[in-house]
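Structure data follow from protein16.cif (mmCIF, C-alpha atoms):
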```cif
data_input
loop_
_atom_site.group_PDB
_atom_site.id
_atom_site.type_symbol
_atom_site.label_atom_id
_atom_site.label_comp_id
_atom_site.auth_asym_id
_atom_site.auth_seq_id
_atom_site.Cartn_x
_atom_site.Cartn_y
_atom_site.Cartn_z
ATOM 1 C CA MET A 130 -132.377 27.993 173.758
ATOM 2 C CA ILE A 131 -132.052 27.262 170.034
ATOM 3 C CA ILE A 132 -135.677 26.110 169.911
ATOM 4 C CA GLU A 133 -136.781 29.345 171.577
ATOM 5 C CA TRP A 134 -134.878 31.451 169.043
ATOM 6 C CA ALA A 135 -136.327 29.371 166.235
ATOM 7 C CA GLU A 136 -139.871 30.007 167.431
ATOM 8 C CA PHE A 137 -139.098 33.704 167.897
ATOM 9 C CA LEU A 138 -137.958 33.963 164.257
ATOM 10 C CA HIS A 139 -141.034 32.043 163.102
ATOM 11 C CA TYR A 140 -143.564 34.313 164.795
ATOM 12 C CA LEU A 141 -141.509 37.420 164.034
ATOM 13 C CA THR A 142 -141.798 36.570 160.335
ATOM 14 C CA ILE A 143 -145.565 36.131 160.645
ATOM 15 C CA GLY A 144 -146.012 39.371 162.546
ATOM 16 C CA LEU A 145 -143.843 41.461 160.230
ATOM 17 C CA THR A 146 -145.539 40.056 157.139
ATOM 18 C CA VAL A 147 -148.898 41.432 158.252
ATOM 19 C CA GLY A 148 -147.802 44.495 160.235
ATOM 20 C CA ILE A 149 -145.398 46.143 157.786
ATOM 21 C CA ASN A 150 -147.734 45.627 154.838
ATOM 22 C CA SER A 151 -150.625 47.106 156.797
ATOM 23 C CA ILE A 152 -148.672 50.296 157.463
ATOM 24 C CA GLY A 153 -148.053 50.963 153.763
ATOM 25 C CA VAL A 154 -151.549 49.930 152.686
ATOM 26 C CA GLY A 155 -153.254 51.953 155.419
ATOM 27 C CA ILE A 156 -151.366 55.137 154.551
ATOM 28 C CA GLY A 157 -151.932 54.613 150.822
ATOM 29 C CA GLU A 158 -155.669 54.068 151.209
ATOM 30 C CA GLY A 159 -156.002 57.114 153.420
ATOM 31 C CA LEU A 160 -154.221 59.371 150.946
ATOM 32 C CA ALA A 161 -156.298 58.044 148.030
ATOM 33 C CA SER A 162 -159.542 58.603 149.925
ATOM 34 C CA ALA A 163 -158.532 62.123 150.941
ATOM 35 C CA ALA A 164 -157.780 62.951 147.305
ATOM 36 C CA ALA A 165 -161.219 61.680 146.267
ATOM 37 C CA ILE A 166 -162.931 63.980 148.780
ATOM 38 C CA GLU A 167 -160.925 66.979 147.560
ATOM 39 C CA ALA A 168 -161.735 66.139 143.931
ATOM 40 C CA ILE A 169 -165.474 65.906 144.703
ATOM 41 C CA ASN A 170 -165.305 69.342 146.320
ATOM 42 C CA ILE A 171 -163.708 70.684 143.145
ATOM 43 C CA GLN A 172 -166.252 69.054 140.801
ATOM 44 C CA PRO A 173 -169.396 67.850 142.641
ATOM 45 C CA GLU A 174 -171.064 66.848 139.350
ATOM 46 C CA SER A 175 -168.468 64.077 138.923
ATOM 47 C CA LYS A 176 -168.967 62.599 142.377
ATOM 48 C CA ASN A 177 -170.132 59.227 141.044
ATOM 49 C CA ASP A 178 -167.126 58.742 138.747
ATOM 50 C CA ILE A 179 -164.707 59.958 141.411
ATOM 51 C CA ALA A 180 -166.263 57.681 144.017
ATOM 52 C CA LYS A 181 -165.906 54.722 141.658
ATOM 53 C CA ILE A 182 -162.232 55.572 141.074
ATOM 54 C CA SER A 183 -161.672 55.862 144.821
ATOM 55 C CA ILE A 184 -163.345 52.535 145.649
ATOM 56 C CA LEU A 185 -161.610 50.532 142.919
ATOM 57 C CA GLY A 186 -158.304 52.267 143.592
ATOM 58 C CA THR A 187 -158.326 51.467 147.297
ATOM 59 C CA ALA A 188 -159.378 47.888 146.516
ATOM 60 C CA LEU A 189 -156.227 47.446 144.422
ATOM 61 C CA ILE A 190 -154.080 49.109 147.096
ATOM 62 C CA GLU A 191 -155.443 46.460 149.496
ATOM 63 C CA THR A 192 -153.700 43.703 147.481
ATOM 64 C CA ALA A 193 -150.510 43.881 149.538
ATOM 65 C CA ALA A 194 -152.375 43.477 152.834
ATOM 66 C CA ILE A 195 -154.442 40.565 151.519
ATOM 67 C CA LEU A 196 -151.378 38.672 150.305
ATOM 68 C CA GLY A 197 -149.602 39.390 153.587
ATOM 69 C CA VAL A 198 -152.495 37.962 155.581
ATOM 70 C CA THR A 199 -152.676 34.947 153.255
ATOM 71 C CA ILE A 200 -149.043 33.922 153.691
ATOM 72 C CA SER A 201 -149.280 34.511 157.457
ATOM 73 C CA ILE A 202 -152.304 32.211 157.757
ATOM 74 C CA ILE A 203 -150.524 29.556 155.696
ATOM 75 C CA MET A 204 -147.561 29.721 158.083
ATOM 76 C CA LEU A 205 -149.773 29.596 161.176
ATOM 77 C CA LEU A 206 -151.653 26.538 159.917
ATOM 78 C CA ASP A 207 -148.498 24.673 158.907
ATOM 79 C CA THR A 208 -147.912 21.652 161.149
ATOM 80 C CA SER A 209 -144.842 20.181 159.422
ATOM 81 C CA THR A 210 -141.752 19.426 161.515
ATOM 82 C CA PRO A 211 -138.595 21.248 160.312
ATOM 83 C CA ALA A 212 -135.417 19.255 159.748
ATOM 84 C CA HIS A 213 -133.427 21.757 161.816
ATOM 85 C CA PRO A 214 -135.608 24.247 163.731
ATOM 86 C CA PHE A 215 -133.191 27.201 163.811
ATOM 87 C CA TYR A 216 -131.970 26.947 160.206
ATOM 88 C CA SER A 217 -135.513 26.401 158.959
ATOM 89 C CA ARG A 218 -136.832 29.470 160.781
ATOM 90 C CA LEU A 219 -133.862 31.574 159.684
ATOM 91 C CA GLY A 220 -134.661 30.651 156.088
ATOM 92 C CA GLU A 221 -138.306 31.564 156.701
ATOM 93 C CA LEU A 222 -137.199 35.088 157.535
ATOM 94 C CA GLY A 223 -136.728 35.515 153.789
ATOM 95 C CA ILE A 224 -140.539 35.499 153.551
ATOM 96 C CA ALA A 225 -140.665 38.704 155.602
ATOM 97 C CA PHE A 226 -138.190 40.427 153.266
ATOM 98 C CA ALA A 227 -140.018 39.223 150.158
ATOM 99 C CA ILE A 228 -143.474 40.297 151.344
ATOM 100 C CA CYS A 229 -142.741 43.310 153.570
ATOM 101 C CA LEU A 230 -140.417 45.314 151.316
ATOM 102 C CA SER A 231 -142.512 44.784 148.198
ATOM 103 C CA GLY A 232 -145.885 45.103 149.970
ATOM 104 C CA PHE A 233 -145.022 48.210 151.967
ATOM 105 C CA THR A 234 -143.646 50.030 148.909
ATOM 106 C CA ALA A 235 -146.461 49.017 146.557
ATOM 107 C CA GLY A 236 -149.125 49.735 149.172
ATOM 108 C CA LEU A 237 -147.707 53.134 150.045
ATOM 109 C CA PHE A 238 -147.061 54.458 146.536
ATOM 110 C CA SER A 239 -149.922 52.915 144.549
ATOM 111 C CA TYR A 240 -152.230 55.648 145.804
ATOM 112 C CA LEU A 241 -150.529 58.066 143.386
ATOM 113 C CA PRO A 242 -152.426 57.031 140.209
ATOM 114 C CA ALA A 243 -155.706 56.877 142.158
ATOM 115 C CA ARG A 244 -155.172 60.425 143.416
ATOM 116 C CA ALA A 245 -154.190 61.695 139.980
ATOM 117 C CA ALA A 246 -157.210 59.978 138.394
ATOM 118 C CA CYS A 247 -159.578 61.643 140.879
ATOM 119 C CA PHE A 248 -158.260 65.118 140.076
ATOM 120 C CA ALA A 249 -158.108 64.369 136.333
ATOM 121 C CA THR A 250 -161.805 63.388 136.438
ATOM 122 C CA ALA A 251 -162.583 66.612 138.277
ATOM 123 C CA ARG A 252 -160.922 68.536 135.437
ATOM 124 C CA GLN A 253 -162.411 66.368 132.659
ATOM 125 C CA PRO A 254 -165.839 65.369 134.038
ATOM 126 C CA PHE A 255 -167.025 63.773 130.788
ATOM 127 C CA PHE A 256 -163.896 61.645 130.373
ATOM 128 C CA GLY A 257 -164.176 59.704 133.634
ATOM 129 C CA PRO A 258 -164.577 56.159 132.196
ATOM 130 C CA LYS A 259 -161.351 56.318 130.165
ATOM 131 C CA ILE A 260 -159.436 57.853 133.050
ATOM 132 C CA LEU A 261 -160.721 55.026 135.241
ATOM 133 C CA ARG A 262 -159.620 52.443 132.663
ATOM 134 C CA LEU A 263 -156.095 53.845 132.538
ATOM 135 C CA MET A 264 -155.889 53.973 136.330
ATOM 136 C CA LEU A 265 -157.045 50.365 136.715
ATOM 137 C CA ILE A 266 -154.501 49.073 134.201
ATOM 138 C CA THR A 267 -151.583 51.036 135.631
ATOM 139 C CA GLN A 268 -152.473 50.301 139.233
ATOM 140 C CA SER A 269 -152.817 46.596 138.465
ATOM 141 C CA ILE A 270 -149.300 46.584 137.032
ATOM 142 C CA ILE A 271 -148.048 48.306 140.202
ATOM 143 C CA GLN A 272 -149.151 45.232 142.175
ATOM 144 C CA THR A 273 -146.679 43.049 140.247
ATOM 145 C CA PRO A 274 -143.863 43.450 142.834
ATOM 146 C CA ILE A 275 -146.004 42.146 145.696
ATOM 147 C CA ILE A 276 -147.271 39.283 143.521
ATOM 148 C CA PHE A 277 -143.676 38.305 142.696
ATOM 149 C CA GLY A 278 -142.819 38.611 146.394
ATOM 150 C CA PHE A 279 -145.737 36.345 147.269
ATOM 151 C CA ILE A 280 -144.603 33.716 144.762
ATOM 152 C CA ILE A 281 -141.070 33.717 146.165
ATOM 153 C CA ALA A 282 -142.470 33.582 149.714
ATOM 154 C CA ILE A 283 -144.452 30.428 148.887
ATOM 155 C CA PHE A 284 -141.322 28.736 147.501
ATOM 156 C CA ILE A 285 -139.302 29.761 150.567
ATOM 157 C CA LYS A 286 -141.996 28.435 152.874
ATOM 158 C CA ASN A 287 -142.060 25.062 151.118
ATOM 159 C CA GLN A 288 -138.251 24.691 151.148
ATOM 160 C CA ALA A 289 -137.518 26.088 154.628
ATOM 161 C CA VAL A 290 -138.758 22.948 156.377
ATOM 162 C CA GLN A 291 -135.943 20.990 154.684
ATOM 163 C CA ALA A 292 -133.103 23.434 155.532
ATOM 164 C CA GLU A 293 -130.397 21.623 157.534
ATOM 165 C CA THR A 294 -127.340 23.880 157.149
ATOM 166 C CA LEU A 295 -126.539 27.546 157.615
ATOM 167 C CA SER A 296 -125.729 27.917 153.906
ATOM 168 C CA ASP A 297 -129.093 26.467 152.954
ATOM 169 C CA SER A 298 -130.982 28.837 155.257
ATOM 170 C CA LEU A 299 -128.979 31.821 153.962
ATOM 171 C CA ARG A 300 -129.867 30.764 150.415
ATOM 172 C CA LEU A 301 -133.573 31.051 151.228
ATOM 173 C CA LEU A 302 -133.044 34.285 153.129
ATOM 174 C CA SER A 303 -131.151 35.688 150.129
ATOM 175 C CA ALA A 304 -133.997 34.831 147.753
ATOM 176 C CA GLY A 305 -136.364 36.911 149.879
ATOM 177 C CA ILE A 306 -133.905 39.790 150.211
ATOM 178 C CA CYS A 307 -133.317 39.861 146.453
ATOM 179 C CA ILE A 308 -136.962 40.145 145.402
ATOM 180 C CA GLY A 309 -137.780 42.429 148.340
ATOM 181 C CA LEU A 310 -135.051 44.980 147.649
ATOM 182 C CA GLY A 311 -135.563 44.539 143.912
ATOM 183 C CA SER A 312 -139.195 45.630 144.278
ATOM 184 C CA ILE A 313 -138.513 49.044 145.818
ATOM 185 C CA GLY A 314 -137.250 51.020 142.805
ATOM 186 C CA PRO A 315 -139.635 49.538 140.212
ATOM 187 C CA ALA A 316 -142.658 49.893 142.534
ATOM 188 C CA ILE A 317 -141.895 53.567 143.139
ATOM 189 C CA GLY A 318 -141.178 54.111 139.448
ATOM 190 C CA LEU A 319 -144.357 52.399 138.270
ATOM 191 C CA SER A 320 -146.477 54.388 140.718
ATOM 192 C CA ARG A 321 -145.016 57.778 139.896
ATOM 193 C CA PHE A 322 -145.205 57.195 136.161
ATOM 194 C CA ALA A 323 -148.836 56.038 136.447
ATOM 195 C CA GLU A 324 -149.547 59.268 138.299
ATOM 196 C CA SER A 325 -148.049 61.283 135.417
ATOM 197 C CA ALA A 326 -150.087 59.347 132.850
ATOM 198 C CA CYS A 327 -153.368 60.022 134.690
ATOM 199 C CA GLU A 328 -152.436 63.669 135.170
ATOM 200 C CA GLY A 329 -151.786 63.905 131.431
ATOM 201 C CA LEU A 330 -155.374 62.953 130.681
ATOM 202 C CA GLY A 331 -156.525 65.674 133.029
ATOM 203 C CA VAL A 332 -154.471 68.179 131.046
ATOM 204 C CA ASN A 333 -155.560 67.033 127.588
ATOM 205 C CA ARG A 334 -158.122 64.282 127.082
ATOM 206 C CA LYS A 335 -157.464 64.331 123.323
ATOM 207 C CA ALA A 336 -154.031 62.850 124.024
ATOM 208 C CA TYR A 337 -155.560 59.581 125.276
ATOM 209 C CA GLU A 338 -154.810 57.655 122.068
ATOM 210 C CA LYS A 339 -151.132 58.600 122.425
ATOM 211 C CA ILE A 340 -150.748 58.308 126.201
ATOM 212 C CA PHE A 341 -152.379 54.874 126.539
ATOM 213 C CA PRO A 342 -149.937 52.830 124.378
ATOM 214 C CA PHE A 343 -146.981 54.877 125.631
ATOM 215 C CA THR A 344 -148.006 54.033 129.194
ATOM 216 C CA LEU A 345 -148.098 50.284 128.573
ATOM 217 C CA ILE A 346 -144.686 50.233 126.897
ATOM 218 C CA SER A 347 -143.048 52.513 129.459
ATOM 219 C CA GLN A 348 -144.347 50.522 132.405
ATOM 220 C CA ALA A 349 -142.995 47.339 130.853
ATOM 221 C CA ILE A 350 -139.551 48.950 130.615
ATOM 222 C CA ILE A 351 -139.704 50.328 134.168
ATOM 223 C CA GLU A 352 -140.592 46.843 135.394
ATOM 224 C CA THR A 353 -137.638 45.141 133.679
ATOM 225 C CA PRO A 354 -135.223 45.395 136.669
ATOM 226 C CA LEU A 355 -137.877 43.718 138.831
ATOM 227 C CA ILE A 356 -137.904 40.750 136.451
ATOM 228 C CA PHE A 357 -134.112 40.504 136.794
ATOM 229 C CA SER A 358 -134.536 40.304 140.574
ATOM 230 C CA LEU A 359 -137.141 37.586 140.151
ATOM 231 C CA VAL A 360 -134.723 35.600 137.978
ATOM 232 C CA VAL A 361 -131.949 35.777 140.590
ATOM 233 C CA SER A 362 -134.386 34.873 143.375
ATOM 234 C CA MET A 363 -135.597 31.838 141.452
ATOM 235 C CA LEU A 364 -132.005 30.775 140.788
ATOM 236 C CA LEU A 365 -131.256 31.010 144.495
ATOM 237 C CA LEU A 366 -134.261 28.834 145.242
ATOM 238 C CA VAL A 367 -133.097 26.043 142.919
ATOM 239 C CA TRP A 368 -129.349 26.360 143.598
ATOM 240 C CA LYS A 369 -127.620 23.233 144.856
ATOM 241 C CA VAL A 370 -125.847 23.953 148.141
ATOM 242 C CA ASP A 371 -122.460 22.465 148.981
ATOM 243 C CA SER A 372 -122.701 21.926 152.732
ATOM 244 C CA CYS A 373 -118.900 21.690 152.935
ATOM 245 C CA ASN A 374 -118.417 25.215 151.536
ATOM 246 C CA PRO A 375 -118.764 27.836 154.318
ATOM 247 C CA ILE A 376 -118.462 30.672 151.764
ATOM 248 C CA ALA A 377 -121.663 29.675 149.968
ATOM 249 C CA GLY A 378 -123.975 31.536 152.366
ATOM 250 C CA ILE A 379 -121.933 34.734 152.046
ATOM 251 C CA ALA A 380 -122.010 34.435 148.260
ATOM 252 C CA PHE A 381 -125.801 34.027 148.295
ATOM 253 C CA ILE A 382 -126.275 37.151 150.422
ATOM 254 C CA SER A 383 -123.839 39.118 148.244
ATOM 255 C CA ALA A 384 -125.602 38.148 145.022
ATOM 256 C CA ALA A 385 -128.989 39.084 146.499
ATOM 257 C CA LEU A 386 -127.793 42.486 147.723
ATOM 258 C CA CYS A 387 -126.073 43.201 144.416
ATOM 259 C CA MET A 388 -129.194 42.504 142.370
ATOM 260 C CA GLY A 389 -131.622 44.023 144.876
ATOM 261 C CA PHE A 390 -129.838 47.346 145.276
ATOM 262 C CA GLY A 391 -129.047 47.413 141.566
ATOM 263 C CA THR A 392 -132.724 47.839 140.647
ATOM 264 C CA ILE A 393 -133.459 50.906 142.783
ATOM 265 C CA GLY A 394 -131.695 53.514 140.632
ATOM 266 C CA PRO A 395 -132.868 52.211 137.235
ATOM 267 C CA GLY A 396 -136.467 51.795 138.441
ATOM 268 C CA ILE A 397 -136.731 55.388 139.663
ATOM 269 C CA SER A 398 -134.643 56.995 136.901
ATOM 270 C CA SER A 399 -136.520 55.222 134.118
ATOM 271 C CA GLU A 400 -139.749 56.618 135.575
ATOM 272 C CA LYS A 401 -138.426 60.170 135.562
ATOM 273 C CA THR A 402 -137.594 59.936 131.875
ATOM 274 C CA ALA A 403 -140.942 58.399 130.919
ATOM 275 C CA SER A 404 -142.908 60.828 133.115
ATOM 276 C CA SER A 405 -141.280 63.841 131.484
ATOM 277 C CA ALA A 406 -142.099 62.496 128.031
ATOM 278 C CA CYS A 407 -145.683 61.671 129.064
ATOM 279 C CA LYS A 408 -146.298 65.208 130.321
ATOM 280 C CA GLN A 409 -144.998 66.697 127.064
ATOM 281 C CA ILE A 410 -147.125 64.300 124.993
ATOM 282 C CA ALA A 411 -150.193 65.488 126.916
ATOM 283 C CA ILE A 412 -149.358 69.109 126.148
ATOM 284 C CA ASN A 413 -148.501 68.494 122.487
ATOM 285 C CA PRO A 414 -149.661 65.084 121.153
ATOM 286 C CA ASP A 415 -148.135 65.801 117.752
ATOM 287 C CA THR A 416 -144.673 65.259 119.243
ATOM 288 C CA TYR A 417 -145.562 61.696 120.302
ATOM 289 C CA SER A 418 -143.375 59.932 117.751
ATOM 290 C CA THR A 419 -140.195 61.832 118.623
ATOM 291 C CA LEU A 420 -140.738 61.909 122.371
ATOM 292 C CA SER A 421 -141.607 58.219 122.625
ATOM 293 C CA ARG A 422 -138.495 57.176 120.677
ATOM 294 C CA VAL A 423 -136.196 59.337 122.787
ATOM 295 C CA SER A 424 -137.821 58.183 126.011
ATOM 296 C CA MET A 425 -137.640 54.473 125.201
ATOM 297 C CA PHE A 426 -134.057 54.722 124.010
ATOM 298 C CA SER A 427 -133.081 56.537 127.216
ATOM 299 C CA GLN A 428 -134.925 54.016 129.360
ATOM 300 C CA GLY A 429 -133.103 51.211 127.594
ATOM 301 C CA LEU A 430 -129.757 52.783 128.446
ATOM 302 C CA ILE A 431 -130.817 53.302 132.059
ATOM 303 C CA ASP A 432 -131.740 49.629 132.366
ATOM 304 C CA THR A 433 -128.199 48.607 131.410
ATOM 305 C CA CYS A 434 -127.277 49.371 135.038
ATOM 306 C CA ALA A 435 -129.657 46.632 136.139
ATOM 307 C CA ILE A 436 -128.162 44.311 133.516
ATOM 308 C CA TYR A 437 -124.690 44.907 134.967
ATOM 309 C CA THR A 438 -125.847 43.952 138.457
ATOM 310 C CA LEU A 439 -127.586 40.879 137.032
ATOM 311 C CA LEU A 440 -124.348 39.738 135.386
ATOM 312 C CA ILE A 441 -122.312 40.269 138.546
ATOM 313 C CA SER A 442 -124.890 38.450 140.661
ATOM 314 C CA LEU A 443 -124.777 35.475 138.310
ATOM 315 C CA LEU A 444 -120.973 35.467 138.364
ATOM 316 C CA ILE A 445 -120.991 35.500 142.166
ATOM 317 C CA LEU A 446 -123.256 32.455 142.179
ATOM 318 C CA LEU A 447 -121.183 30.619 139.564
ATOM 319 C CA PHE A 448 -117.693 31.235 140.984
ATOM 320 C CA HIS A 449 -118.149 31.361 144.760
#
```

Structure translated into structure tokens:
Amino acid sequence: MIIEWAEFLHYLTIGLTVGINSIGVGIGEGLASAAAIEAINIQPESKNDIAKISILGTALIETAAILGVTISIIMLLDTSTPAHPFYSRLGELGIAFAICLSGFTAGLFSYLPARAACFATARQPFFGPKILRLMLITQSIIQTPIIFGFIIAIFIKNQAVQAETLSDSLRLLSAGICIGLGSIGPAIGLSRFAESACEGLGVNRKAYEKIFPFTLISQAIIETPLIFSLVVSMLLLVWKVDSCNPIAGIAFISAALCMGFGTIGPGISSEKTASSACKQIAINPDTYSTLSRVSMFSQGLIDTCAIYTLLISLLILLFH
């Protein structure tokens, strides 16, 4: 019976890794393509630039599905014998959390900058190349959560075969939960801010020299909570487990949930602040200096919430 449950968890992880990612990616690609068609109807003369934006945008959205398929194939081709089938497969379930939560969110929301870039090109038909450049950079950064999730998934996969205790399997599961939950807020924030940046170019192409550097800095700040989640996930992966301590598994799950949930609010709120500033910079580029300072200061304060959850997660790991 235990062997049957172990195999069920193994194939469930493989199926979820591909299926959940495909849902987000499929919806995102469809919305981006629909926006491209609408933009071409608005400005037929820009059809070539809009088509290029649509093709490259959907190619980047596809990243989550590709990484999901890759990790699934790796798991299917693995012939190693686990030390304890059930605990190994339970630890593998962390792969599903790491890949599915990050991939679904990034795949679903990364259509936003592609859509905004299509409409911005329709409004500014002679500014298409620079709009495309901004979209490619911002959309590439949006894929960071799924890339981090993929990295953690590879580590979990390599360690799961050696899991022999419940605490050890919960440690691996927690690593996946931490990076998976920690990806949701930053992925949404990065996508919505990138949409605002591309829209800003559609409003005022002369603001490009101001919007471009502001976009890079703001996205780095929005992404900070995600890096905190990666740190906690990596710590969980290298943490030495005391097999005689039954509380260890609970502590691992608690630390992962604390850090994972703690990134959602800061990731989304930081985006709202930066998006508001970006829209005002597009309308009046002369206010760039003041608006950028206020925005970055506010984003720094917002990220203190993620710092608090990082500290508590570390304390849970140290004193459990």

Kindly resolve the PyMOL selection byres ((chain A and resi 236-246) around 7) on the present coordinates and return the residues as a PDB file with C-alpha atoms, in the frame of the given file.
```
ATOM      1  CA  GLY A 153    -148.053  50.963 153.763  1.00  0.00           C
ATOM      2  CA  VAL A 154    -151.549  49.930 152.686  1.00  0.00           C
ATOM      3  CA  ILE A 156    -151.366  55.137 154.551  1.00  0.00           C
ATOM      4  CA  GLY A 157    -151.932  54.613 150.822  1.00  0.00           C
ATOM      5  CA  GLU A 158    -155.669  54.068 151.209  1.00  0.00           C
ATOM      6  CA  LEU A 160    -154.221  59.371 150.946  1.00  0.00           C
ATOM      7  CA  ALA A 161    -156.298  58.044 148.030  1.00  0.00           C
ATOM      8  CA  ALA A 164    -157.780  62.951 147.305  1.00  0.00           C
ATOM      9  CA  ALA A 165    -161.219  61.680 146.267  1.00  0.00           C
ATOM     10  CA  ILE A 182    -162.232  55.572 141.074  1.00  0.00           C
ATOM     11  CA  SER A 183    -161.672  55.862 144.821  1.00  0.00           C
ATOM     12  CA  GLY A 186    -158.304  52.267 143.592  1.00  0.00           C
ATOM     13  CA  ILE A 190    -154.080  49.109 147.096  1.00  0.00           C
ATOM     14  CA  ALA A 193    -150.510  43.881 149.538  1.00  0.00           C
ATOM     15  CA  GLY A 232    -145.885  45.103 149.970  1.00  0.00           C
ATOM     16  CA  PHE A 233    -145.022  48.210 151.967  1.00  0.00           C
ATOM     17  CA  THR A 234    -143.646  50.030 148.909  1.00  0.00           C
ATOM     18  CA  ALA A 235    -146.461  49.017 146.557  1.00  0.00           C
ATOM     19  CA  CYS A 247    -159.578  61.643 140.879  1.00  0.00           C
ATOM     20  CA  PHE A 248    -158.260  65.118 140.076  1.00  0.00           C
ATOM     21  CA  ALA A 249    -158.108  64.369 136.333  1.00  0.00           C
ATOM     22  CA  THR A 250    -161.805  63.388 136.438  1.00  0.00           C
ATOM     23  CA  ILE A 260    -159.436  57.853 133.050  1.00  0.00           C
ATOM     24  CA  LEU A 261    -160.721  55.026 135.241  1.00  0.00           C
ATOM     25  CA  MET A 264    -155.889  53.973 136.330  1.00  0.00           C
ATOM     26  CA  GLN A 268    -152.473  50.301 139.233  1.00  0.00           C
ATOM     27  CA  ILE A 271    -148.048  48.306 140.202  1.00  0.00           C
ATOM     28  CA  ILE A 317    -141.895  53.567 143.139  1.00  0.00           C
ATOM     29  CA  SER A 320    -146.477  54.388 140.718  1.00  0.00           C
ATOM     30  CA  ARG A 321    -145.016  57.778 139.896  1.00  0.00           C
ATOM     31  CA  ALA A 323    -148.836  56.038 136.447  1.00  0.00           C
ATOM     32  CA  GLU A 324    -149.547  59.268 138.299  1.00  0.00           C
ATOM     33  CA  CYS A 327    -153.368  60.022 134.690  1.00  0.00           C
ATOM     34  CA  GLU A 328    -152.436  63.669 135.170  1.00  0.00           C
TER      35      GLU A 328
END
```

If you count all atoms listed in the file, which residues fall within 9 Å of Asn413 in chain A, apart from same-chain ones fewer than 4 positions away, as a compact mmCIF listing (two decimals) with C-alpha atoms, in the frame of the given file?
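New file around-v5.txt:
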```txt
# COMPACT_ATOMS: atom_id res chain seq x y z
CA ASN A 333 -155.56 67.03 127.59
CA ALA A 336 -154.03 62.85 124.02
CA LYS A 408 -146.30 65.21 130.32
CA GLN A 409 -145.00 66.70 127.06
CA TYR A 417 -145.56 61.70 120.30
```

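Reported to one decimal place, the separation of CA of Gln291 in chain A from CA of Ile224 in chain A is 15.3 Å.
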
CA of Leu439 in chain A to CA of Val290 in chain A, straight-line distance in Å |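 Going from CA of Val290 in chain A over to CA of Leu439 in chain A covers 28.6 Å.
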
In Å to one decimal, how far is CA of Gly159 in chain A from CA of Ala188 in chain A?
->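 About the pair CA of Ala188 in chain A and CA of Gly159 in chain A: they are 12.0 Å apart.
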
Residues in the PyMOL selection byres ((chain A and resi 289) around 9), expressed as number ranges by chain | A: 211-212, 216-221, 284-288, 290-293, 297-298, 301

Could you state which residues are captured by the PyMOL selection byres ((chain A and resi 446-449) around 8) in this file, as a PyMOL selection string?
-> chain A and resi 376-377+380-381+384+442-445

Nearest candidate to Gly396 in chain A (options A:Ile276, A:Ile179, A:Val332, A:Ile313; using only C-alpha atoms) | A:Ile313

Contact residues around Ile281 in chain A with all atoms listed in the file at 9 Å, ignoring same-chain residues under 2 positions, as a ChimeraX atom specification = /A:223-224,227-228,276-279,283-286,304-305,308,359,362-363,366
